[in-house]
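J.: Next up, query_26.csv (CSV, C-alpha atoms).
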```csv
chain,number,residue,atom,x,y,z
Y,393,MET,CA,1.3,24.4,-12.5
Y,394,SER,CA,0.3,22.7,-9.3
Y,395,LEU,CA,1.8,19.4,-8.3
Y,396,TYR,CA,-0.4,16.4,-7.5
Y,397,ALA,CA,-0.3,13.3,-5.3
Y,398,LEU,CA,-1.7,10.1,-6.8
Y,399,VAL,CA,-3.1,7.5,-4.4
Y,400,THR,CA,-4.2,4.0,-5.5
Y,401,GLY,CA,-6.9,2.2,-3.6
Y,402,ALA,CA,-8.1,5.5,-2.2
Y,403,SER,CA,-11.8,4.8,-1.7
Y,404,SER,CA,-11.4,3.0,1.7
Y,405,GLY,CA,-9.0,1.9,4.4
Y,406,ILE,CA,-5.4,3.0,4.4
Y,407,GLY,CA,-5.7,4.6,0.9
Y,408,LEU,CA,-8.5,6.8,2.1
Y,409,GLN,CA,-6.4,8.0,5.0
Y,410,TYR,CA,-3.5,8.8,2.7
Y,411,ALA,CA,-5.8,10.9,0.6
Y,412,HIS,CA,-7.2,12.9,3.6
Y,413,ARG,CA,-3.8,13.5,5.1
Y,414,LEU,CA,-2.1,14.6,1.8
Y,415,ALA,CA,-4.9,17.1,1.3
Y,416,GLU,CA,-5.3,18.4,4.8
Y,417,HIS,CA,-1.7,18.5,6.1
Y,418,TYR,CA,0.3,18.8,2.9
Y,419,LYS,CA,-2.3,20.7,0.7
Y,420,TYR,CA,-1.7,18.5,-2.4
Y,421,ASP,CA,-4.2,18.3,-5.2
Y,422,LEU,CA,-5.1,14.7,-5.7
Y,423,VAL,CA,-5.6,12.0,-8.3
Y,424,LEU,CA,-7.5,9.2,-6.5
Y,425,VAL,CA,-7.8,5.8,-8.1
Y,426,SER,CA,-10.0,2.9,-7.1
Y,427,ASN,CA,-12.1,0.0,-8.6
Y,428,GLN,CA,-15.1,1.2,-6.5
Y,429,GLU,CA,-16.7,3.7,-8.9
Y,430,LYS,CA,-19.3,5.3,-6.6
Y,431,GLU,CA,-17.1,5.4,-3.5
Y,432,ILE,CA,-14.1,7.0,-5.3
Y,433,LYS,CA,-16.2,9.8,-6.8
Y,434,GLU,CA,-17.8,10.5,-3.4
Y,435,THR,CA,-14.3,10.5,-1.8
Y,436,ALA,CA,-12.9,13.0,-4.3
Y,437,ASP,CA,-16.0,15.3,-3.9
Y,438,GLU,CA,-15.8,15.2,-0.1
Y,439,ILE,CA,-12.0,15.8,0.1
Y,440,GLY,CA,-12.1,18.6,-2.5
Y,441,GLU,CA,-14.9,20.4,-0.7
Y,442,LYS,CA,-13.5,19.8,2.8
Y,443,TYR,CA,-9.9,20.9,2.2
Y,444,GLY,CA,-10.2,23.2,-0.7
Y,445,VAL,CA,-8.0,21.2,-3.0
Y,446,LYS,CA,-8.6,19.7,-6.5
Y,447,ALA,CA,-9.4,16.0,-6.3
Y,448,ILE,CA,-9.8,14.0,-9.4
Y,449,SER,CA,-11.4,10.6,-9.2
Y,450,ILE,CA,-10.5,7.8,-11.6
Y,451,TYR,CA,-12.4,4.5,-11.6
Y,452,LYS,CA,-10.0,1.8,-12.8
Y,453,ASP,CA,-9.2,-1.9,-12.3
Y,454,LEU,CA,-5.5,-1.6,-11.4
Y,455,SER,CA,-4.9,-5.3,-11.9
Y,456,THR,CA,-5.2,-5.1,-15.6
Y,457,GLU,CA,-2.0,-5.0,-17.7
Y,458,SER,CA,-2.8,-1.7,-19.3
Y,459,ALA,CA,-3.8,0.2,-16.1
Y,460,PRO,CA,-0.4,1.8,-15.2
Y,461,GLN,CA,0.1,3.1,-18.8
Y,462,GLU,CA,-3.4,4.4,-19.0
Y,463,LEU,CA,-3.0,6.3,-15.7
Y,464,PHE,CA,0.3,7.7,-16.8
Y,465,ASP,CA,-1.1,8.8,-20.2
Y,466,TYR,CA,-4.2,10.4,-18.5
Y,467,CYS,CA,-1.9,12.5,-16.3
Y,468,LYS,CA,0.3,13.5,-19.2
Y,469,GLU,CA,-2.5,14.4,-21.5
Y,470,ASN,CA,-4.2,16.6,-18.9
Y,471,GLY,CA,-1.0,18.3,-17.7
Y,472,ILE,CA,-1.0,16.7,-14.3
Y,473,GLU,CA,2.4,16.5,-12.8
Y,474,ILE,CA,2.6,13.8,-10.1
Y,475,GLU,CA,5.1,14.7,-7.3
Y,476,VAL,CA,3.9,12.0,-4.9
Y,477,LEU,CA,2.9,8.5,-5.9
Y,478,ILE,CA,1.3,6.2,-3.2
Y,479,ASN,CA,1.1,2.6,-4.5
Y,480,ASN,CA,-1.4,1.4,-1.9
Y,481,ALA,CA,-3.9,-0.8,-3.7
Y,482,GLY,CA,-3.8,-4.4,-2.6
Y,483,VAL,CA,-5.8,-7.5,-1.8
Y,484,PHE,CA,-5.6,-10.2,0.9
Y,485,PHE,CA,-6.8,-13.7,1.3
Y,486,PHE,CA,-6.1,-16.6,3.6
Y,487,ASN,CA,-6.3,-20.0,1.8
Y,488,ASP,CA,-4.2,-22.9,0.7
Y,489,LEU,CA,-2.9,-22.2,-2.7
Y,490,ALA,CA,-4.2,-25.5,-4.1
Y,491,ASN,CA,-7.7,-24.5,-3.1
Y,492,THR,CA,-7.5,-21.0,-4.5
Y,493,ALA,CA,-8.9,-20.1,-7.9
Y,494,GLU,CA,-6.3,-19.1,-10.5
Y,495,LYS,CA,-8.2,-15.8,-11.1
Y,496,ARG,CA,-7.8,-14.8,-7.5
Y,497,VAL,CA,-4.1,-15.7,-7.4
Y,498,ASN,CA,-3.4,-13.7,-10.6
Y,499,LEU,CA,-5.3,-10.7,-9.2
Y,500,MET,CA,-3.0,-10.5,-6.2
Y,501,LEU,CA,0.2,-11.1,-8.2
Y,502,HIS,CA,-0.7,-8.6,-10.9
Y,503,LEU,CA,-1.8,-5.9,-8.5
Y,504,HIS,CA,1.1,-6.3,-6.0
Y,505,ILE,CA,3.9,-7.0,-8.5
Y,506,ARG,CA,3.2,-5.9,-12.0
Y,507,THR,CA,1.1,-2.9,-11.2
Y,508,VAL,CA,3.5,-1.6,-8.5
Y,509,THR,CA,6.5,-2.2,-10.8
Y,510,ASN,CA,5.1,-0.3,-13.8
Y,511,MET,CA,3.6,2.5,-11.8
Y,512,THR,CA,7.0,3.1,-10.2
Y,513,ARG,CA,8.7,2.8,-13.6
Y,514,LEU,CA,6.5,5.2,-15.5
Y,515,PHE,CA,6.0,7.9,-12.8
Y,516,GLY,CA,9.5,7.5,-11.4
Y,517,ALA,CA,11.0,8.2,-14.8
Y,518,ALA,CA,8.9,11.4,-15.2
Y,519,MET,CA,9.9,12.5,-11.7
Y,520,ALA,CA,13.5,11.8,-12.4
Y,521,GLU,CA,13.3,14.0,-15.6
Y,522,ARG,CA,11.9,16.8,-13.4
Y,523,GLY,CA,14.5,16.1,-10.7
Y,524,HIS,CA,12.1,15.7,-7.8
Y,525,GLY,CA,9.5,13.3,-6.5
Y,526,TYR,CA,8.4,10.8,-3.9
Y,527,ILE,CA,7.2,7.3,-4.3
Y,528,LEU,CA,5.7,5.2,-1.4
Y,529,ASN,CA,5.1,1.5,-1.9
Y,530,MET,CA,3.1,-0.5,0.6
Y,531,SER,CA,4.8,-3.7,1.7
Y,532,SER,CA,4.1,-5.5,4.9
Y,533,MET,CA,5.8,-7.0,7.9
Y,534,SER,CA,4.7,-10.4,6.4
Y,535,ALA,CA,7.5,-9.9,3.9
Y,536,TRP,CA,9.7,-11.7,6.4
Y,537,MET,CA,7.2,-14.5,7.1
Y,538,ALA,CA,6.8,-18.0,5.8
Y,539,MET,CA,3.2,-18.7,6.6
Y,540,PRO,CA,0.8,-21.2,5.0
Y,541,GLY,CA,-2.4,-19.6,3.8
Y,542,ILE,CA,-0.8,-16.2,2.9
Y,543,GLN,CA,1.9,-17.6,0.6
Y,544,CYS,CA,1.2,-15.3,-2.3
Y,545,TYR,CA,0.6,-12.2,-0.1
Y,546,ASN,CA,3.9,-12.5,1.9
Y,547,ALA,CA,5.9,-13.4,-1.2
Y,548,SER,CA,4.5,-10.4,-3.2
Y,549,LYS,CA,5.1,-8.1,-0.3
Y,550,ALA,CA,8.7,-9.3,-0.1
Y,551,TYR,CA,9.0,-8.4,-3.8
Y,552,ILE,CA,7.7,-4.9,-3.1
Y,553,LEU,CA,10.1,-4.4,-0.3
Y,554,ASN,CA,13.2,-5.5,-2.2
Y,555,PHE,CA,12.1,-3.9,-5.5
Y,556,SER,CA,11.5,-0.6,-3.7
Y,557,LYS,CA,14.9,-0.7,-2.0
Y,558,SER,CA,16.6,-1.2,-5.3
Y,559,MET,CA,14.6,1.6,-6.9
Y,560,TRP,CA,15.7,3.9,-4.1
Y,561,TYR,CA,19.3,3.5,-5.3
Y,562,GLU,CA,18.4,3.9,-9.0
Y,563,LEU,CA,16.3,7.1,-8.5
Y,564,LYS,CA,17.9,8.9,-5.6
Y,565,PRO,CA,20.7,10.4,-7.7
Y,566,HIS,CA,17.9,12.0,-9.8
Y,567,GLY,CA,16.2,13.6,-6.8
Y,568,VAL,CA,13.5,10.9,-6.4
Y,569,THR,CA,13.1,8.7,-3.4
Y,570,VAL,CA,11.3,5.4,-3.1
Y,571,THR,CA,10.1,4.3,0.3
Y,572,SER,CA,8.7,0.9,1.3
Y,573,ILE,CA,6.4,0.8,4.3
Y,574,THR,CA,6.3,-2.6,6.2
Y,575,PRO,CA,3.6,-2.3,8.8
Y,576,GLY,CA,2.2,-5.1,10.9
Y,577,ALA,CA,-1.6,-5.6,11.3
Y,578,ILE,CA,-3.6,-2.5,10.5
Y,579,ASP,CA,-7.2,-2.0,11.7
Y,580,THR,CA,-9.1,-2.3,8.4
Y,581,GLY,CA,-11.6,-4.9,7.1
Y,582,LEU,CA,-8.8,-6.4,4.9
Y,583,TYR,CA,-8.3,-9.4,7.1
Y,584,GLY,CA,-11.9,-10.3,7.7
Y,585,LEU,CA,-11.7,-10.3,11.5
Y,586,ALA,CA,-14.8,-9.9,13.6
Y,587,PRO,CA,-15.3,-6.3,15.1
Y,588,ASN,CA,-14.6,-7.5,18.7
Y,589,LEU,CA,-11.3,-9.0,17.6
Y,590,ARG,CA,-10.3,-5.9,15.7
Y,591,LYS,CA,-11.0,-3.8,18.9
Y,592,LEU,CA,-9.0,-6.2,21.0
Y,593,ALA,CA,-6.0,-6.1,18.6
Y,594,VAL,CA,-5.9,-2.3,18.7
Y,595,ALA,CA,-6.2,-2.2,22.5
Y,596,LEU,CA,-3.3,-4.6,22.7
Y,597,HIS,CA,-1.2,-2.6,20.2
Y,598,VAL,CA,-1.1,-5.7,17.9
Y,599,SER,CA,-3.0,-3.7,15.3
Y,600,MET,CA,-2.5,-0.1,14.4
Y,601,PRO,CA,-5.3,2.4,13.3
Y,602,PRO,CA,-4.9,3.4,9.7
Y,603,ALA,CA,-4.6,7.2,10.4
Y,604,LYS,CA,-1.6,6.5,12.7
Y,605,LEU,CA,0.1,4.4,10.1
Y,606,VAL,CA,-0.4,7.0,7.4
Y,607,LYS,CA,1.0,9.8,9.5
Y,608,LYS,CA,4.2,7.8,10.2
Y,609,ALA,CA,4.5,6.5,6.6
Y,610,LEU,CA,4.2,10.0,5.0
Y,611,LYS,CA,6.7,11.4,7.5
Y,612,ALA,CA,9.2,8.6,6.5
Y,613,MET,CA,8.5,9.2,2.8
Y,614,PHE,CA,9.1,12.9,2.9
Y,615,LYS,CA,12.4,12.3,4.8
Y,616,GLY,CA,13.4,10.1,1.9
Y,617,LYS,CA,13.9,6.9,3.9
Y,618,LYS,CA,14.3,3.6,2.0
Y,619,THR,CA,12.1,1.6,4.4
Y,620,SER,CA,10.0,2.2,7.5
Y,621,MET,CA,8.3,-0.2,9.9
Y,622,PRO,CA,5.8,1.8,11.9
Y,623,GLY,CA,5.3,0.5,15.4
Y,624,VAL,CA,7.9,-0.2,18.1
Y,625,LEU,CA,6.6,-3.7,18.8
Y,626,ASN,CA,7.1,-4.7,15.2
Y,627,TYR,CA,10.9,-4.4,15.5
Y,628,LEU,CA,10.7,-7.0,18.3
Y,629,PHE,CA,8.5,-9.3,16.3
Y,630,VAL,CA,10.5,-9.5,13.1
Y,631,PRO,CA,13.5,-11.4,14.5
Y,632,MET,CA,11.0,-13.8,16.1
Y,633,ILE,CA,9.1,-14.3,12.9
Y,634,LYS,CA,12.2,-15.2,11.0
Y,635,HIS,CA,12.9,-18.1,13.3
Y,636,LEU,CA,9.5,-19.5,14.3
Y,637,PRO,CA,9.5,-23.2,15.0
Y,638,ASP,CA,7.3,-25.3,12.7
Y,639,TRP,CA,4.8,-26.2,15.4
Y,640,VAL,CA,4.2,-22.4,16.1
Y,641,VAL,CA,3.5,-21.9,12.4
Y,642,PHE,CA,1.0,-24.7,12.3
Y,643,PHE,CA,-0.7,-23.5,15.4
Y,644,ALA,CA,-1.0,-20.0,14.1
Y,645,MET,CA,-2.4,-21.3,10.8
Y,646,LYS,CA,-5.2,-23.2,12.7
Y,647,LYS,CA,-6.1,-20.1,14.7
Y,648,ILE,CA,-6.2,-17.8,11.7
Y,649,SER,CA,-8.4,-20.3,9.9
Y,650,CYS,CA,-10.9,-20.2,12.8
Y,651,PHE,CA,-11.0,-16.4,12.8
Y,652,GLN,CA,-11.8,-16.4,9.0
Y,653,LYS,CA,-14.9,-18.6,9.5
```
Starting from the coordinates I provided, produce the structure as structure tokens.

T.:
Amino acid sequence: MSLYALVTGASSGIGLQYAHRLAEHYKYDLVLVSNQEKEIKETADEIGEKYGVKAISIYKDLSTESAPQELFDYCKENGIEIEVLINNAGVFFFNDLANTAEKRVNLMLHLHIRTVTNMTRLFGAAMAERGHGYILNMSSMSAWMAMPGIQCYNASKAYILNFSKSMWYELKPHGVTVTSITPGAIDTGLYGLAPNLRKLAVALHVSMPPAKLVKKALKAMFKGKKTSMPGVLNYLFVPMIKHLPDWVVFFAMKKISCFQK
């Protein structure tokens, strides 16, 4: 029986890069999950044909309470053993909490916290029973930030970071590792920046191309690391972020608000 890698949010951005690299370089068969029905089917078809692996597409809203159990049951009923789980699906918004719709807040909290927790719980238990497996949870460098406008994002990413580190200890004795990845800015459309600003950020090494992030993240995961922060500059930024003066925070908040318009 072949072993599979399951990637959430696999139809675009970082998730798409995870899917391609796992198929091309590691030769995994794939279970690819997304809430974009047309795109995820096209992605699976393309990857399967290009790399000669089996790629199954699943259209699903991962923010629903039942989604993790439904995915787990699907794999179990179809004899699909997941050796690698990439919890990548996520959302981002920049807005004052008081001016954000409850539905949007709940979407982020459910997707980043409840879904990641229960996906790790269900598939981690199955991996532990087999005595082998890898789980990668996408956190963020913002887990160390106190920044108005991304209060739910950075708080939920801090949860993912600490949850994953705790799960590393719980599952490591059973042959399963849980790795949290804490990148800085990544060059995707997630942040809503204009194309010229995205190019500038990459040129200044403030932002990292998704393919480069994924290469480093998977390397850390297969080494069994608890955490990994791709990008040398990020190690310099984190101590600064923790001790930013209030006036700097307010200044950054204004600038980001301008970029979002």

J.: Using only C-alpha atoms, find the one residue out of Y:Trp560, Y:Tyr551, Y:Phe464, Y:Tyr451 that sits nearest to Ile527 (chain Y).

T.: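 Distance minimum relative to Ile527 (chain Y) lands on Y:Trp560.
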
J.: Using only C-alpha atoms, what does the table of region 398-487 of chain Y residues within 12 Å of region 500-518 of chain Y look like, with each row giving the shortest atom pair and its distance in Å to one decimal, sorted by chain and ascending number, as CSV?

T.:
```
residue,atom,partner,partner_atom,distance
Y:Leu398,CA,Y:Phe515,CA,10.0
Y:Val399,CA,Y:Met511,CA,11.2
Y:Thr400,CA,Y:Val508,CA,10.0
Y:Gly401,CA,Y:Leu503,CA,10.8
Y:Asn427,CA,Y:Leu503,CA,11.9
Y:Asp453,CA,Y:Leu503,CA,9.2
Y:Leu454,CA,Y:Leu503,CA,6.4
Y:Ser455,CA,Y:Leu503,CA,4.6
Y:Thr456,CA,Y:His502,CA,7.4
Y:Glu457,CA,Y:Thr507,CA,7.5
Y:Ser458,CA,Y:Thr507,CA,9.1
Y:Ala459,CA,Y:Thr507,CA,7.6
Y:Pro460,CA,Y:Met511,CA,5.3
Y:Gln461,CA,Y:Leu514,CA,7.5
Y:Glu462,CA,Y:Met511,CA,10.2
Y:Leu463,CA,Y:Met511,CA,8.6
Y:Phe464,CA,Y:Leu514,CA,6.8
Y:Asp465,CA,Y:Leu514,CA,9.6
Y:Tyr466,CA,Y:Phe515,CA,11.9
Y:Cys467,CA,Y:Phe515,CA,9.8
Y:Lys468,CA,Y:Ala518,CA,9.7
Y:Ile472,CA,Y:Ala518,CA,11.3
Y:Glu473,CA,Y:Ala518,CA,8.6
Y:Ile474,CA,Y:Phe515,CA,7.3
Y:Glu475,CA,Y:Phe515,CA,8.8
Y:Val476,CA,Y:Phe515,CA,9.1
Y:Leu477,CA,Y:Phe515,CA,7.6
Y:Ile478,CA,Y:Thr512,CA,9.5
Y:Asn479,CA,Y:Val508,CA,6.3
Y:Asn480,CA,Y:Val508,CA,8.8
Y:Ala481,CA,Y:Leu503,CA,7.3
Y:Gly482,CA,Y:His504,CA,6.3
Y:Val483,CA,Y:Met500,CA,6.0
Y:Phe484,CA,Y:Met500,CA,7.6
Y:Phe485,CA,Y:Met500,CA,9.0
Y:Phe486,CA,Y:Met500,CA,12.0
```

J.: CA of Val606 (chain Y) and CA of Met559 (chain Y), how far apart in Å?

T.: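 Calculated distance between CA of Met559 (chain Y) and CA of Val606 (chain Y) is 21.4 Å.
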
J.: Which is closest to Ala612 (chain Y) among Y:Ile552, Y:Ala415, Y:Leu528, Y:Ala547, if we use only C-alpha atoms?

T.: Y:Leu528

J.: Kindly give the distance, in Å, that separates CA of Glu434 (chain Y) and CA of Ile578 (chain Y), rounded to a single decimal.

T.: 23.7 Å

J.: So the first atom is CA of Ala490 (chain Y) and the second is CA of Asn529 (chain Y); what is the distance between them in Å, to one decimal place?

T.: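 Distance reported for this atom pair: 28.6 Å.
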
J.: Name the closest residue to Tyr561 (chain Y) among the candidates Y:Lys452, Y:Lys430, Y:Lys549, Y:Lys618; distances are taken between atoms, counting only C-alpha atoms.

T.: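 Of all the options, Y:Lys618 lies closest to Tyr561 (chain Y).
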
J.: Just checking: using all atoms listed in the file, which residue out of Y:Thr574, Y:Ser449, Y:Asn470, Y:Ser532 ends up closest to Gln428 (chain Y)?

T.: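 That would be Y:Ser449, the residue with the smallest distance to Gln428 (chain Y).
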
J.: Given the choices Y:Val423, Y:Pro602, Y:Ile439, Y:Ser404, which gets closest to Gly576 (chain Y) if the distance is worked out from all atoms listed in the file?

T.: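 Checking each of Y:Val423, Y:Pro602, Y:Ile439, Y:Ser404 against Gly576 (chain Y), counting all atoms listed in the file, the winner is Y:Pro602.
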
J.: With only C-alpha atoms as the atoms that count, which of Y:Ile448, Y:Leu395, Y:Ser558, Y:Asn487 lies nearest to Ala411 (chain Y)?

T.: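 That would be Y:Ile448, the residue with the smallest distance to Ala411 (chain Y).
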
J.: For region 494-512 of chain Y, I'd like the enclosing box, axis-aligned and padded by 5 Å on every side, reported as lines of an AutoDock Vina configuration file with centre and edge lengths in Å to one decimal.

T.:
```
center_x = -0.6
center_y = -8.0
center_z = -9.9
size_x = 25.2
size_y = 32.2
size_z = 17.8
```
